[in-house]
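run_21.csv (CSV, C-alpha atoms and all ligand atoms) appears below.
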chain,number,residue,atom,x,y,z
A,297,MET,CA,82.6,-22.9,42.9
A,298,ASP,CA,84.4,-20.9,40.2
A,299,GLY,CA,83.5,-17.5,38.8
A,300,ILE,CA,81.2,-14.9,40.4
A,301,ASP,CA,77.7,-16.2,39.7
A,302,GLY,CA,76.1,-17.6,42.8
A,303,LYS,CA,78.9,-16.6,45.2
A,304,VAL,CA,78.0,-15.0,48.5
A,305,VAL,CA,80.1,-11.9,49.0
A,306,VAL,CA,80.2,-9.7,52.1
A,307,VAL,CA,81.4,-6.1,51.5
A,308,THR,CA,82.2,-3.9,54.5
A,309,GLY,CA,82.0,-0.2,53.9
A,310,GLY,CA,79.3,-0.9,51.3
A,311,SER,CA,77.5,2.4,51.7
A,312,SER,CA,79.5,4.5,49.3
A,313,GLY,CA,82.5,4.7,47.0
A,314,LEU,CA,84.4,1.5,46.2
A,315,GLY,CA,82.2,-0.7,48.3
A,316,GLU,CA,79.0,0.5,46.6
A,317,ALA,CA,80.6,0.1,43.1
A,318,THR,CA,81.9,-3.4,44.0
A,319,ALA,CA,78.6,-4.6,45.4
A,320,LYS,CA,76.7,-3.4,42.3
A,321,LEU,CA,79.1,-4.9,39.8
A,322,LEU,CA,79.3,-8.2,41.6
A,323,ALA,CA,75.5,-8.4,42.0
A,324,GLU,CA,75.1,-7.7,38.3
A,325,ARG,CA,77.5,-10.6,37.7
A,326,GLY,CA,75.2,-12.9,39.8
A,327,ALA,CA,76.8,-12.7,43.3
A,328,LYS,CA,74.6,-12.5,46.4
A,329,VAL,CA,75.9,-9.5,48.3
A,330,MET,CA,75.6,-8.7,51.9
A,331,LEU,CA,76.6,-5.1,52.7
A,332,GLY,CA,77.8,-3.7,56.0
A,333,ALA,CA,78.3,-0.1,57.0
A,334,ARG,CA,76.9,2.5,59.5
A,335,ARG,CA,74.7,4.6,57.2
A,336,GLU,CA,71.5,2.7,57.0
A,337,GLU,CA,69.8,5.1,54.5
A,338,ASN,CA,72.6,4.5,52.0
A,339,LEU,CA,72.6,0.7,52.5
A,340,GLU,CA,68.8,0.7,52.0
A,341,ARG,CA,69.1,2.7,48.8
A,342,ILE,CA,71.9,0.5,47.4
A,343,VAL,CA,70.2,-2.7,48.2
A,344,SER,CA,66.9,-1.6,46.6
A,345,GLU,CA,68.8,-0.4,43.5
A,346,ILE,CA,70.5,-3.8,43.2
A,347,LYS,CA,67.1,-5.6,43.6
A,348,GLU,CA,65.5,-3.3,41.0
A,349,ASP,CA,68.2,-4.4,38.6
A,350,GLY,CA,67.3,-8.1,39.3
A,351,GLY,CA,70.2,-8.8,41.8
A,352,THR,CA,70.3,-10.3,45.2
A,353,ALA,CA,71.4,-8.2,48.1
A,354,SER,CA,70.9,-7.5,51.8
A,355,TYR,CA,72.5,-5.5,54.5
A,356,ARG,CA,73.3,-5.3,58.2
A,357,VAL,CA,74.1,-2.0,59.9
A,358,THR,CA,77.7,-2.5,61.0
A,359,ASP,CA,80.4,-0.6,62.7
A,360,VAL,CA,83.5,-2.5,61.9
A,361,THR,CA,85.2,-1.3,65.1
A,362,ASN,CA,82.7,-3.5,67.0
A,363,LYS,CA,83.6,-7.1,66.6
A,364,ASP,CA,80.2,-8.4,67.6
A,365,GLN,CA,78.6,-6.3,64.8
A,366,VAL,CA,81.2,-7.7,62.3
A,367,GLU,CA,80.3,-11.2,63.4
A,368,ASN,CA,76.6,-10.4,63.0
A,369,LEU,CA,77.3,-9.2,59.5
A,370,VAL,CA,79.0,-12.4,58.4
A,371,ALA,CA,76.5,-14.5,60.3
A,372,GLY,CA,73.8,-12.6,58.5
A,373,ALA,CA,75.2,-13.6,55.1
A,374,VAL,CA,75.4,-17.3,56.1
A,375,ASP,CA,71.8,-17.1,57.5
A,376,GLU,CA,70.3,-15.5,54.4
A,377,PHE,CA,72.4,-17.0,51.7
A,378,GLY,CA,73.8,-20.2,53.2
A,379,ARG,CA,77.6,-19.6,53.1
A,380,ILE,CA,80.3,-17.0,52.7
A,381,ASP,CA,82.5,-17.2,49.7
A,382,VAL,CA,84.2,-13.8,49.7
A,383,LEU,CA,84.8,-11.1,52.4
A,384,VAL,CA,85.7,-7.7,50.9
A,385,ASN,CA,87.4,-5.9,53.8
A,386,ASN,CA,86.8,-2.4,52.3
A,387,ALA,CA,85.7,-0.1,55.2
A,388,GLY,CA,88.3,2.5,55.8
A,389,LEU,CA,89.0,6.2,56.3
A,390,MET,CA,91.8,8.6,55.4
A,391,PRO,CA,91.9,11.7,57.5
A,392,LEU,CA,95.4,12.7,56.4
A,393,SER,CA,97.4,15.2,58.5
A,394,PRO,CA,101.0,15.9,59.6
A,395,LEU,CA,102.0,14.0,62.7
A,396,GLU,CA,102.8,17.3,64.5
A,397,ALA,CA,99.2,18.3,64.2
A,398,LEU,CA,98.6,15.6,66.9
A,399,LYS,CA,95.2,14.5,65.6
A,400,ILE,CA,95.3,11.6,68.0
A,401,ASP,CA,91.6,10.9,67.8
A,402,GLU,CA,92.0,10.5,64.1
A,403,TRP,CA,95.0,8.2,64.5
A,404,GLU,CA,93.0,6.0,66.8
A,405,ARG,CA,90.0,5.9,64.4
A,406,MET,CA,92.2,4.9,61.5
A,407,VAL,CA,93.8,2.1,63.6
A,408,ASP,CA,90.4,1.0,64.8
A,409,VAL,CA,88.7,1.0,61.3
A,410,ASN,CA,91.5,0.3,58.9
A,411,ILE,CA,93.4,-2.4,60.9
A,412,LYS,CA,91.2,-3.7,63.6
A,413,GLY,CA,88.1,-3.7,61.4
A,414,VAL,CA,90.0,-6.0,58.9
A,415,LEU,CA,91.1,-8.3,61.7
A,416,TYR,CA,87.5,-8.5,63.0
A,417,GLY,CA,86.4,-9.5,59.5
A,418,ILE,CA,89.0,-12.2,59.4
A,419,ALA,CA,87.9,-13.5,62.8
A,420,ALA,CA,84.3,-13.7,61.7
A,421,ALA,CA,84.9,-15.2,58.3
A,422,LEU,CA,87.9,-17.5,58.6
A,423,PRO,CA,86.4,-20.3,60.7
A,424,ARG,CA,83.4,-20.5,58.4
A,425,MET,CA,85.7,-20.6,55.3
A,426,GLN,CA,87.9,-23.2,56.9
A,427,GLU,CA,84.8,-25.3,57.6
A,428,GLN,CA,83.8,-25.0,53.9
A,429,HIS,CA,87.4,-25.6,52.8
A,430,SER,CA,87.1,-22.6,50.5
A,431,GLY,CA,86.8,-18.8,50.6
A,432,GLN,CA,88.5,-15.6,49.6
A,433,PHE,CA,89.6,-12.5,51.5
A,434,ILE,CA,89.9,-9.3,49.5
A,435,ASN,CA,91.5,-6.6,51.7
A,436,LEU,CA,91.7,-2.9,50.6
A,437,SER,CA,95.2,-1.5,51.1
A,438,SER,CA,96.3,1.4,49.0
A,439,VAL,CA,99.2,2.8,46.9
A,440,ALA,CA,99.7,4.5,50.3
A,441,GLY,CA,100.4,0.9,51.6
A,442,HIS,CA,103.5,0.9,49.4
A,443,VAL,CA,104.8,4.4,49.7
A,444,VAL,CA,104.7,7.0,52.4
A,445,PHE,CA,104.1,10.7,51.8
A,446,PRO,CA,104.2,13.7,54.2
A,447,ASN,CA,100.8,13.7,56.0
A,448,SER,CA,100.1,10.0,55.2
A,449,ALA,CA,102.2,8.5,58.0
A,450,VAL,CA,99.4,7.0,60.1
A,451,TYR,CA,97.1,6.2,57.1
A,452,SER,CA,100.1,4.6,55.3
A,453,GLY,CA,100.9,2.7,58.5
A,454,THR,CA,97.4,1.2,58.6
A,455,LYS,CA,97.6,0.3,54.9
A,456,TYR,CA,101.1,-1.3,55.3
A,457,ALA,CA,99.5,-3.2,58.1
A,458,VAL,CA,96.7,-4.4,55.9
A,459,TRP,CA,99.3,-5.6,53.3
A,460,ALA,CA,101.3,-7.5,56.0
A,461,ILE,CA,98.2,-9.1,57.6
A,462,SER,CA,97.0,-10.2,54.2
A,463,GLU,CA,100.4,-11.7,53.3
A,464,GLY,CA,100.6,-13.5,56.6
A,465,LEU,CA,97.0,-14.8,56.2
A,466,ARG,CA,97.9,-16.1,52.7
A,467,GLN,CA,100.9,-17.9,53.9
A,468,GLU,CA,99.0,-19.5,56.8
A,469,VAL,CA,95.8,-20.6,55.2
A,470,GLY,CA,96.6,-20.2,51.5
A,471,GLU,CA,96.2,-23.9,50.7
A,472,GLU,CA,92.4,-23.6,50.7
A,473,ILE,CA,91.6,-19.9,51.1
A,474,ARG,CA,92.6,-17.2,48.7
A,475,THR,CA,93.8,-13.8,49.8
A,476,THR,CA,93.9,-10.7,47.6
A,477,THR,CA,95.2,-7.3,48.4
A,478,ILE,CA,93.8,-4.4,46.3
A,479,SER,CA,96.0,-1.3,46.3
A,480,PRO,CA,94.4,1.6,44.5
A,481,GLY,CA,95.7,5.0,43.8
A,482,ALA,CA,93.3,8.0,43.6
A,483,VAL,CA,89.7,6.9,43.1
A,484,GLN,CA,86.6,9.0,43.1
A,485,SER,CA,84.8,8.5,46.4
A,486,GLU,CA,84.0,10.3,49.7
A,487,LEU,CA,87.4,9.4,51.1
A,488,THR,CA,89.0,12.9,51.1
A,489,THR,CA,85.9,14.6,52.5
A,490,HIS,CA,86.9,13.5,56.0
A,491,ILE,CA,90.3,15.3,56.0
A,492,THR,CA,90.0,17.9,58.8
A,493,HIS,CA,93.5,19.4,58.4
A,494,GLU,CA,92.9,22.3,56.1
A,495,GLU,CA,96.3,22.6,54.3
A,496,THR,CA,96.3,18.8,53.7
A,497,ALA,CA,92.8,18.9,52.3
A,498,GLU,CA,93.8,21.7,49.9
A,499,GLY,CA,96.8,19.6,48.9
A,500,THR,CA,94.7,16.7,47.8
A,501,SER,CA,92.9,18.6,45.0
A,502,ALA,CA,95.4,17.6,42.3
A,503,LEU,CA,94.9,13.9,43.2
A,504,GLU,CA,91.1,14.4,43.2
A,505,ASP,CA,91.3,15.9,39.7
A,506,MET,CA,93.0,12.8,38.3
A,507,ALA,CA,91.0,10.3,40.3
A,508,ILE,CA,89.5,7.4,38.3
A,509,ASP,CA,86.0,5.9,38.7
A,510,ALA,CA,85.3,3.5,41.5
A,511,ASP,CA,84.2,1.0,38.9
A,512,ALA,CA,87.9,0.5,38.1
A,513,VAL,CA,88.4,-1.0,41.5
A,514,ALA,CA,85.2,-3.0,41.3
A,515,ARG,CA,86.5,-4.6,38.1
A,516,ALA,CA,89.8,-5.5,39.7
A,517,ILE,CA,87.9,-7.1,42.6
A,518,ALA,CA,85.7,-9.0,40.1
A,519,TYR,CA,88.9,-10.2,38.3
A,520,ALA,CA,90.4,-11.6,41.5
A,521,ILE,CA,87.1,-13.4,42.3
A,522,GLU,CA,86.5,-14.9,38.9
A,523,GLN,CA,89.8,-16.6,38.5
A,524,PRO,CA,89.6,-20.4,38.8
A,525,LYS,CA,90.0,-21.6,42.4
A,526,ASP,CA,93.6,-22.8,41.9
A,527,VAL,CA,94.6,-19.2,41.0
A,528,ASP,CA,95.1,-16.8,43.9
A,529,THR,CA,95.6,-13.2,42.6
A,530,ASN,CA,97.6,-12.0,45.6
A,531,GLU,CA,97.8,-8.3,44.8
A,532,ILE,CA,96.5,-5.8,42.3
A,533,VAL,CA,97.9,-2.3,42.3
A,534,LEU,CA,96.0,0.2,40.1
A,535,ARG,CA,96.2,3.9,39.8
A,536,PRO,CA,95.2,6.7,37.4
A,537,THR,CA,97.6,6.6,34.4
A,538,ALA,CA,98.5,10.2,35.3
A,539,GLN,CA,99.3,9.5,39.0
A,540,PRO,CA,103.1,9.6,39.5
A,541,LEU,CA,103.4,8.0,42.9
B,1,LIG,P1,84.4,6.2,51.1
B,1,LIG,O1,84.6,7.2,52.1
B,1,LIG,O2,83.5,6.6,49.9
B,1,LIG,O3,83.9,4.9,51.7
B,1,LIG,C1,84.3,4.4,53.0
B,1,LIG,C2,83.4,3.3,53.4
B,1,LIG,O4,83.8,2.9,54.7
B,1,LIG,C3,82.0,3.9,53.6
B,1,LIG,O5,81.0,2.9,53.1
B,1,LIG,C4,81.8,4.0,55.1
B,1,LIG,O6,80.5,3.7,55.5
B,1,LIG,C5,82.7,2.8,55.6
B,1,LIG,N1,83.2,3.0,57.0
B,1,LIG,C6,83.9,4.0,57.5
B,1,LIG,N2,84.0,3.8,58.8
B,1,LIG,C7,83.3,2.7,59.1
B,1,LIG,C8,83.0,1.9,60.3
B,1,LIG,N3,83.5,2.3,61.5
B,1,LIG,N4,82.3,0.8,60.2
B,1,LIG,C9,81.8,0.4,59.0
B,1,LIG,N5,82.0,1.1,57.9
B,1,LIG,C10,82.8,2.2,57.9
B,1,LIG,O7,85.8,5.9,50.6
B,1,LIG,P2,86.4,4.8,49.6
B,1,LIG,O8,85.3,4.0,48.9
B,1,LIG,O9,87.4,5.4,48.7
B,1,LIG,O10,87.1,3.8,50.6
B,1,LIG,C11,87.0,2.4,50.6
B,1,LIG,C12,88.4,1.8,50.9
B,1,LIG,O11,89.3,2.0,49.8
B,1,LIG,C13,89.1,2.3,52.2
B,1,LIG,O12,89.6,1.3,52.9
B,1,LIG,C14,90.1,3.2,51.6
B,1,LIG,O13,91.2,3.4,52.5
B,1,LIG,C15,90.5,2.4,50.3
B,1,LIG,N6,91.2,3.2,49.3
B,1,LIG,C16,90.6,4.3,48.7
B,1,LIG,C17,91.2,5.0,47.7
B,1,LIG,C18,90.6,6.2,47.0
B,1,LIG,O14,91.3,7.0,46.4
B,1,LIG,N7,89.3,6.4,47.1
B,1,LIG,C19,92.6,4.7,47.4
B,1,LIG,C20,93.2,3.6,48.1
B,1,LIG,C21,92.5,2.9,49.0
B,1,LIG,P3,79.7,4.4,56.7
B,1,LIG,O15,80.2,5.8,56.8
B,1,LIG,O16,78.3,4.3,56.3
B,1,LIG,O17,79.9,3.5,57.9

As structure tokens, how would this structure be written, given the file I've shared?
Amino acid sequence: MDGIDGKVVVVTGGSSGLGEATAKLLAERGAKVMLGARREENLERIVSEIKEDGGTASYRVTDVTNKDQVENLVAGAVDEFGRIDVLVNNAGLMPLSPLEALKIDEWERMVDVNIKGVLYGIAAALPRMQEQHSGQFINLSSVAGHVVFPNSAVYSGTKYAVWAISEGLRQEVGEEIRTTTISPGAVQSELTTHITHEETAEGTSALEDMAIDADAVARAIAYAIEQPKDVDTNEIVLRPTAQPL
């Protein structure tokens, strides 16, 4: 199946920001979307907004650090919509801080969500895509998965890992299954609201001022999906025009 219309797309972290914008755009373009995240009230609102606009959507409350819940999310898409064409591994968090602040709980959380969450998504979707002989993984890395800044060491580490895992996956299963890494710069979302290190939080205001709309990322994801099946868009890097790094 080419294009977007009729495809079954699972989006992790679908309760705000990039995930919400992506789910809405893809549903508008005819995809059947299955959303996973922890905040049920947000998922309920987004699914009903999509349905009100004539789209098809459902959700499963999902913590991506729990592999059974990720399996349940993907199984839910197959149960309700019959297959899984695309998994957007989008759930992530970015509590930036200097290493010397020793925010070890936050390091662990980033590893669990940003890396292990992506791996659990691959574990749930890959066997089903292999059985179908088609499918696409869209994994959210970041500009911070290409460059490291002070205070981004652990976050960047997780996003470099997403890049590496995606590239390995592409080389291993690329004959039938497409893998796309999306690496955005500053985009409007709730991402910076979870920074607990005060000086670092203050330092992100310049980036927040130049942040582009989450729709820009949704459009990049739509582009990667809508290409003919013999075209695998391996990576898209997009950032605000004004963002230097
Ligand atoms: P948001 O904070 O708005 O969204 C993050 C999403 O991840 C939410 O839906 C949240 O849902 C979900 N999430 C967090 N933890 C978990 C968990 N344990 N289980 C399931 N879902 C979880 O930020 P963005 O939309 O910006 O972030 C989306 C992705 O984009 C992330 O991977 C981020 O690293 C990446 N990115 C963002 C950039 C930006 O500038 N905004 C730039 C580069 C990359 P809930 O809390 O309901 O579980």

*Enumerate residues in contact with ligand LIG 1 (chain B): an atom-to-atom distance of at most 7 Å, counting all atoms listed in the file. Format the result as a ChimeraX atom specification.*
/A:308-315,332-335,358-361,386-390,409-410,436-440,479-487,507

The selected residues should be written to file as a PDB file, in the frame of the given file (atoms: C-alpha atoms).
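Once everything was written out, this is again-v2.pdb:
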ATOM      1  CA  THR A 308      82.200  -3.900  54.500  1.00  0.00           C
ATOM      2  CA  GLY A 309      82.000  -0.200  53.900  1.00  0.00           C
ATOM      3  CA  GLY A 310      79.300  -0.900  51.300  1.00  0.00           C
ATOM      4  CA  SER A 311      77.500   2.400  51.700  1.00  0.00           C
ATOM      5  CA  SER A 312      79.500   4.500  49.300  1.00  0.00           C
ATOM      6  CA  GLY A 313      82.500   4.700  47.000  1.00  0.00           C
ATOM      7  CA  LEU A 314      84.400   1.500  46.200  1.00  0.00           C
ATOM      8  CA  GLY A 315      82.200  -0.700  48.300  1.00  0.00           C
ATOM      9  CA  GLY A 332      77.800  -3.700  56.000  1.00  0.00           C
ATOM     10  CA  ALA A 333      78.300  -0.100  57.000  1.00  0.00           C
ATOM     11  CA  ARG A 334      76.900   2.500  59.500  1.00  0.00           C
ATOM     12  CA  ARG A 335      74.700   4.600  57.200  1.00  0.00           C
ATOM     13  CA  THR A 358      77.700  -2.500  61.000  1.00  0.00           C
ATOM     14  CA  ASP A 359      80.400  -0.600  62.700  1.00  0.00           C
ATOM     15  CA  VAL A 360      83.500  -2.500  61.900  1.00  0.00           C
ATOM     16  CA  THR A 361      85.200  -1.300  65.100  1.00  0.00           C
ATOM     17  CA  ASN A 386      86.800  -2.400  52.300  1.00  0.00           C
ATOM     18  CA  ALA A 387      85.700  -0.100  55.200  1.00  0.00           C
ATOM     19  CA  GLY A 388      88.300   2.500  55.800  1.00  0.00           C
ATOM     20  CA  LEU A 389      89.000   6.200  56.300  1.00  0.00           C
ATOM     21  CA  MET A 390      91.800   8.600  55.400  1.00  0.00           C
ATOM     22  CA  VAL A 409      88.700   1.000  61.300  1.00  0.00           C
ATOM     23  CA  ASN A 410      91.500   0.300  58.900  1.00  0.00           C
ATOM     24  CA  LEU A 436      91.700  -2.900  50.600  1.00  0.00           C
ATOM     25  CA  SER A 437      95.200  -1.500  51.100  1.00  0.00           C
ATOM     26  CA  SER A 438      96.300   1.400  49.000  1.00  0.00           C
ATOM     27  CA  VAL A 439      99.200   2.800  46.900  1.00  0.00           C
ATOM     28  CA  ALA A 440      99.700   4.500  50.300  1.00  0.00           C
ATOM     29  CA  SER A 479      96.000  -1.300  46.300  1.00  0.00           C
ATOM     30  CA  PRO A 480      94.400   1.600  44.500  1.00  0.00           C
ATOM     31  CA  GLY A 481      95.700   5.000  43.800  1.00  0.00           C
ATOM     32  CA  ALA A 482      93.300   8.000  43.600  1.00  0.00           C
ATOM     33  CA  VAL A 483      89.700   6.900  43.100  1.00  0.00           C
ATOM     34  CA  GLN A 484      86.600   9.000  43.100  1.00  0.00           C
ATOM     35  CA  SER A 485      84.800   8.500  46.400  1.00  0.00           C
ATOM     36  CA  GLU A 486      84.000  10.300  49.700  1.00  0.00           C
ATOM     37  CA  LEU A 487      87.400   9.400  51.100  1.00  0.00           C
ATOM     38  CA  ALA A 507      91.000  10.300  40.300  1.00  0.00           C
TER      39      ALA A 507
END

*Near-Ala538 (chain A) list (10 Å; all atoms listed in the file; drop same-chain fewer than 6 positions) as a VMD selection string*: chain A and resid 503 506 to 508

Could you please take those selected residues and save C-alpha atoms as a compact mmCIF listing (two decimals), in the frame of the given file?
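Written out: result-v2.txt:
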# COMPACT_ATOMS: atom_id res chain seq x y z
CA LEU A 503 94.90 13.90 43.20
CA MET A 506 93.00 12.80 38.30
CA ALA A 507 91.00 10.30 40.30
CA ILE A 508 89.50 7.40 38.30

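Taking CA of Ile473 (chain A) and CA of Ser430 (chain A) as endpoints, the distance between them is 5.3 Å.
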
*asked:* Just to confirm, what's the straight-line distance from CA of Leu321 (chain A) to CA of His490 (chain A) in Å (one decimal)?
replied: 25.7 Å

*For Val305 (chain A), which residue among A:Ala317, A:Ile342, A:His442, A:Ile521 is the nearest when counting only C-alpha atoms?*
A:Ile521

Distance table requested - region 451-538 of chain A against region 400-406 of chain A, cut-off 10 Å, all atoms listed in the file: one row per qualifying residue with the closest atom pair and its distance in Å to one decimal, ordered by chain and rising residue number, as JSON lines.
{"residue": "A:Tyr451", "atom": "CA", "partner": "A:Met406", "partner_atom": "CA", "distance": 6.7}
{"residue": "A:Gly453", "atom": "CA", "partner": "A:Met406", "partner_atom": "CA", "distance": 9.5}
{"residue": "A:Thr454", "atom": "CA", "partner": "A:Met406", "partner_atom": "CA", "distance": 7.0}
{"residue": "A:Lys455", "atom": "CA", "partner": "A:Met406", "partner_atom": "CA", "distance": 9.7}
{"residue": "A:Ile491", "atom": "CA", "partner": "A:Glu402", "partner_atom": "CA", "distance": 9.6}
{"residue": "A:Thr492", "atom": "CA", "partner": "A:Glu402", "partner_atom": "CA", "distance": 9.3}

*Protein, DNA and RNA residues within 12 Å of (96.8, 19.5, 50.0), all atoms listed in the file, as a VMD selection string*: chain A and resid 391 to 394 445 to 448 488 491 to 504

*asked:* Which residues are close to Glu367 (chain A), i.e. within 9 Å by only C-alpha atoms, leaving aside same-chain residues fewer than 5 positions away? Reply as a list in words.
replied: Asn362, Gly372, Tyr416, Gly417, Ala419, Ala420 and Ala421 of chain A

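Coordinates place CA of Met330 (chain A) at a distance of 5.2 Å from CA of Tyr355 (chain A).
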
Within 10 Å of (79.4, -16.3, 41.5) in the file's own coordinates, which protein, DNA or RNA residues have an atom, counting only C-alpha atoms? List them as a compact mmCIF listing (two decimals) with C-alpha atoms, keeping the file's coordinate frame.
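selection-v2.txt written:
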# COMPACT_ATOMS: atom_id res chain seq x y z
CA MET A 297 82.60 -22.90 42.90
CA ASP A 298 84.40 -20.90 40.20
CA GLY A 299 83.50 -17.50 38.80
CA ILE A 300 81.20 -14.90 40.40
CA ASP A 301 77.70 -16.20 39.70
CA GLY A 302 76.10 -17.60 42.80
CA LYS A 303 78.90 -16.60 45.20
CA VAL A 304 78.00 -15.00 48.50
CA VAL A 305 80.10 -11.90 49.00
CA LEU A 322 79.30 -8.20 41.60
CA ALA A 323 75.50 -8.40 42.00
CA ARG A 325 77.50 -10.60 37.70
CA GLY A 326 75.20 -12.90 39.80
CA ALA A 327 76.80 -12.70 43.30
CA LYS A 328 74.60 -12.50 46.40
CA ASP A 381 82.50 -17.20 49.70
CA VAL A 382 84.20 -13.80 49.70
CA ALA A 518 85.70 -9.00 40.10
CA ILE A 521 87.10 -13.40 42.30
CA GLU A 522 86.50 -14.90 38.90

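Distances here use all atoms listed in the file; by that measure, the residue among A:Leu398, A:Leu415, A:Val444, A:Val384 closest to Thr477 (chain A) is A:Val384.
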
_Taking 6 positions as the minimum chain separation for residues in the same chain, which residues sit within 10 Å of Ala520 (chain A) when counting all atoms listed in the file? Answer as a ChimeraX atom specification._
/A:299-300,432,434,474-478,527-532

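Take the candidates A:Ala397, A:Ile461, A:Ile380, A:Met425 and check each one against Ile411 (chain A) using only C-alpha atoms; the shortest distance goes to A:Ile461.
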
Got a minute to add N, CA, C and O atoms to region 363-375 of chain A and dump it as a PDB file, keeping the file's coordinate frame?
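Written out: result_20.pdb:
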ATOM      1  N   LYS A 363      83.449  -5.788  67.177  1.00  0.00           N
ATOM      2  CA  LYS A 363      83.600  -7.100  66.600  1.00  0.00           C
ATOM      3  C   LYS A 363      82.340  -7.946  66.622  1.00  0.00           C
ATOM      4  O   LYS A 363      82.141  -8.788  65.742  1.00  0.00           O
ATOM      5  N   ASP A 364      81.444  -7.660  67.561  1.00  0.00           N
ATOM      6  CA  ASP A 364      80.200  -8.400  67.600  1.00  0.00           C
ATOM      7  C   ASP A 364      79.327  -8.017  66.338  1.00  0.00           C
ATOM      8  O   ASP A 364      78.637  -8.854  65.763  1.00  0.00           O
ATOM      9  N   GLN A 365      79.399  -6.748  65.947  1.00  0.00           N
ATOM     10  CA  GLN A 365      78.600  -6.300  64.800  1.00  0.00           C
ATOM     11  C   GLN A 365      79.225  -6.925  63.480  1.00  0.00           C
ATOM     12  O   GLN A 365      78.491  -7.247  62.547  1.00  0.00           O
ATOM     13  N   VAL A 366      80.538  -7.077  63.442  1.00  0.00           N
ATOM     14  CA  VAL A 366      81.200  -7.700  62.300  1.00  0.00           C
ATOM     15  C   VAL A 366      80.779  -9.188  62.213  1.00  0.00           C
ATOM     16  O   VAL A 366      80.448  -9.726  61.154  1.00  0.00           O
ATOM     17  N   GLU A 367      80.783  -9.826  63.370  1.00  0.00           N
ATOM     18  CA  GLU A 367      80.300 -11.200  63.400  1.00  0.00           C
ATOM     19  C   GLU A 367      78.875 -11.336  62.975  1.00  0.00           C
ATOM     20  O   GLU A 367      78.533 -12.228  62.200  1.00  0.00           O
ATOM     21  N   ASN A 368      78.051 -10.397  63.414  1.00  0.00           N
ATOM     22  CA  ASN A 368      76.600 -10.400  63.000  1.00  0.00           C
ATOM     23  C   ASN A 368      76.457 -10.210  61.507  1.00  0.00           C
ATOM     24  O   ASN A 368      75.571 -10.808  60.892  1.00  0.00           O
ATOM     25  N   LEU A 369      77.337  -9.414  60.913  1.00  0.00           N
ATOM     26  CA  LEU A 369      77.300  -9.200  59.500  1.00  0.00           C
ATOM     27  C   LEU A 369      77.578 -10.491  58.701  1.00  0.00           C
ATOM     28  O   LEU A 369      76.837 -10.875  57.787  1.00  0.00           O
ATOM     29  N   VAL A 370      78.641 -11.151  59.103  1.00  0.00           N
ATOM     30  CA  VAL A 370      79.000 -12.400  58.400  1.00  0.00           C
ATOM     31  C   VAL A 370      77.983 -13.491  58.699  1.00  0.00           C
ATOM     32  O   VAL A 370      77.569 -14.220  57.795  1.00  0.00           O
ATOM     33  N   ALA A 371      77.535 -13.562  59.942  1.00  0.00           N
ATOM     34  CA  ALA A 371      76.500 -14.500  60.300  1.00  0.00           C
ATOM     35  C   ALA A 371      75.230 -14.271  59.480  1.00  0.00           C
ATOM     36  O   ALA A 371      74.542 -15.207  59.037  1.00  0.00           O
ATOM     37  N   GLY A 372      74.932 -12.995  59.254  1.00  0.00           N
ATOM     38  CA  GLY A 372      73.800 -12.600  58.500  1.00  0.00           C
ATOM     39  C   GLY A 372      73.838 -13.149  57.043  1.00  0.00           C
ATOM     40  O   GLY A 372      72.846 -13.624  56.478  1.00  0.00           O
ATOM     41  N   ALA A 373      75.049 -13.079  56.457  1.00  0.00           N
ATOM     42  CA  ALA A 373      75.200 -13.600  55.100  1.00  0.00           C
ATOM     43  C   ALA A 373      74.988 -15.114  55.082  1.00  0.00           C
ATOM     44  O   ALA A 373      74.317 -15.642  54.191  1.00  0.00           O
ATOM     45  N   VAL A 374      75.508 -15.797  56.093  1.00  0.00           N
ATOM     46  CA  VAL A 374      75.400 -17.300  56.100  1.00  0.00           C
ATOM     47  C   VAL A 374      73.880 -17.616  56.384  1.00  0.00           C
ATOM     48  O   VAL A 374      73.341 -18.530  55.752  1.00  0.00           O
ATOM     49  N   ASP A 375      73.217 -16.876  57.267  1.00  0.00           N
ATOM     50  CA  ASP A 375      71.800 -17.100  57.500  1.00  0.00           C
ATOM     51  C   ASP A 375      70.950 -16.939  56.275  1.00  0.00           C
ATOM     52  O   ASP A 375      70.115 -17.762  55.940  1.00  0.00           O
TER      53      ASP A 375
END
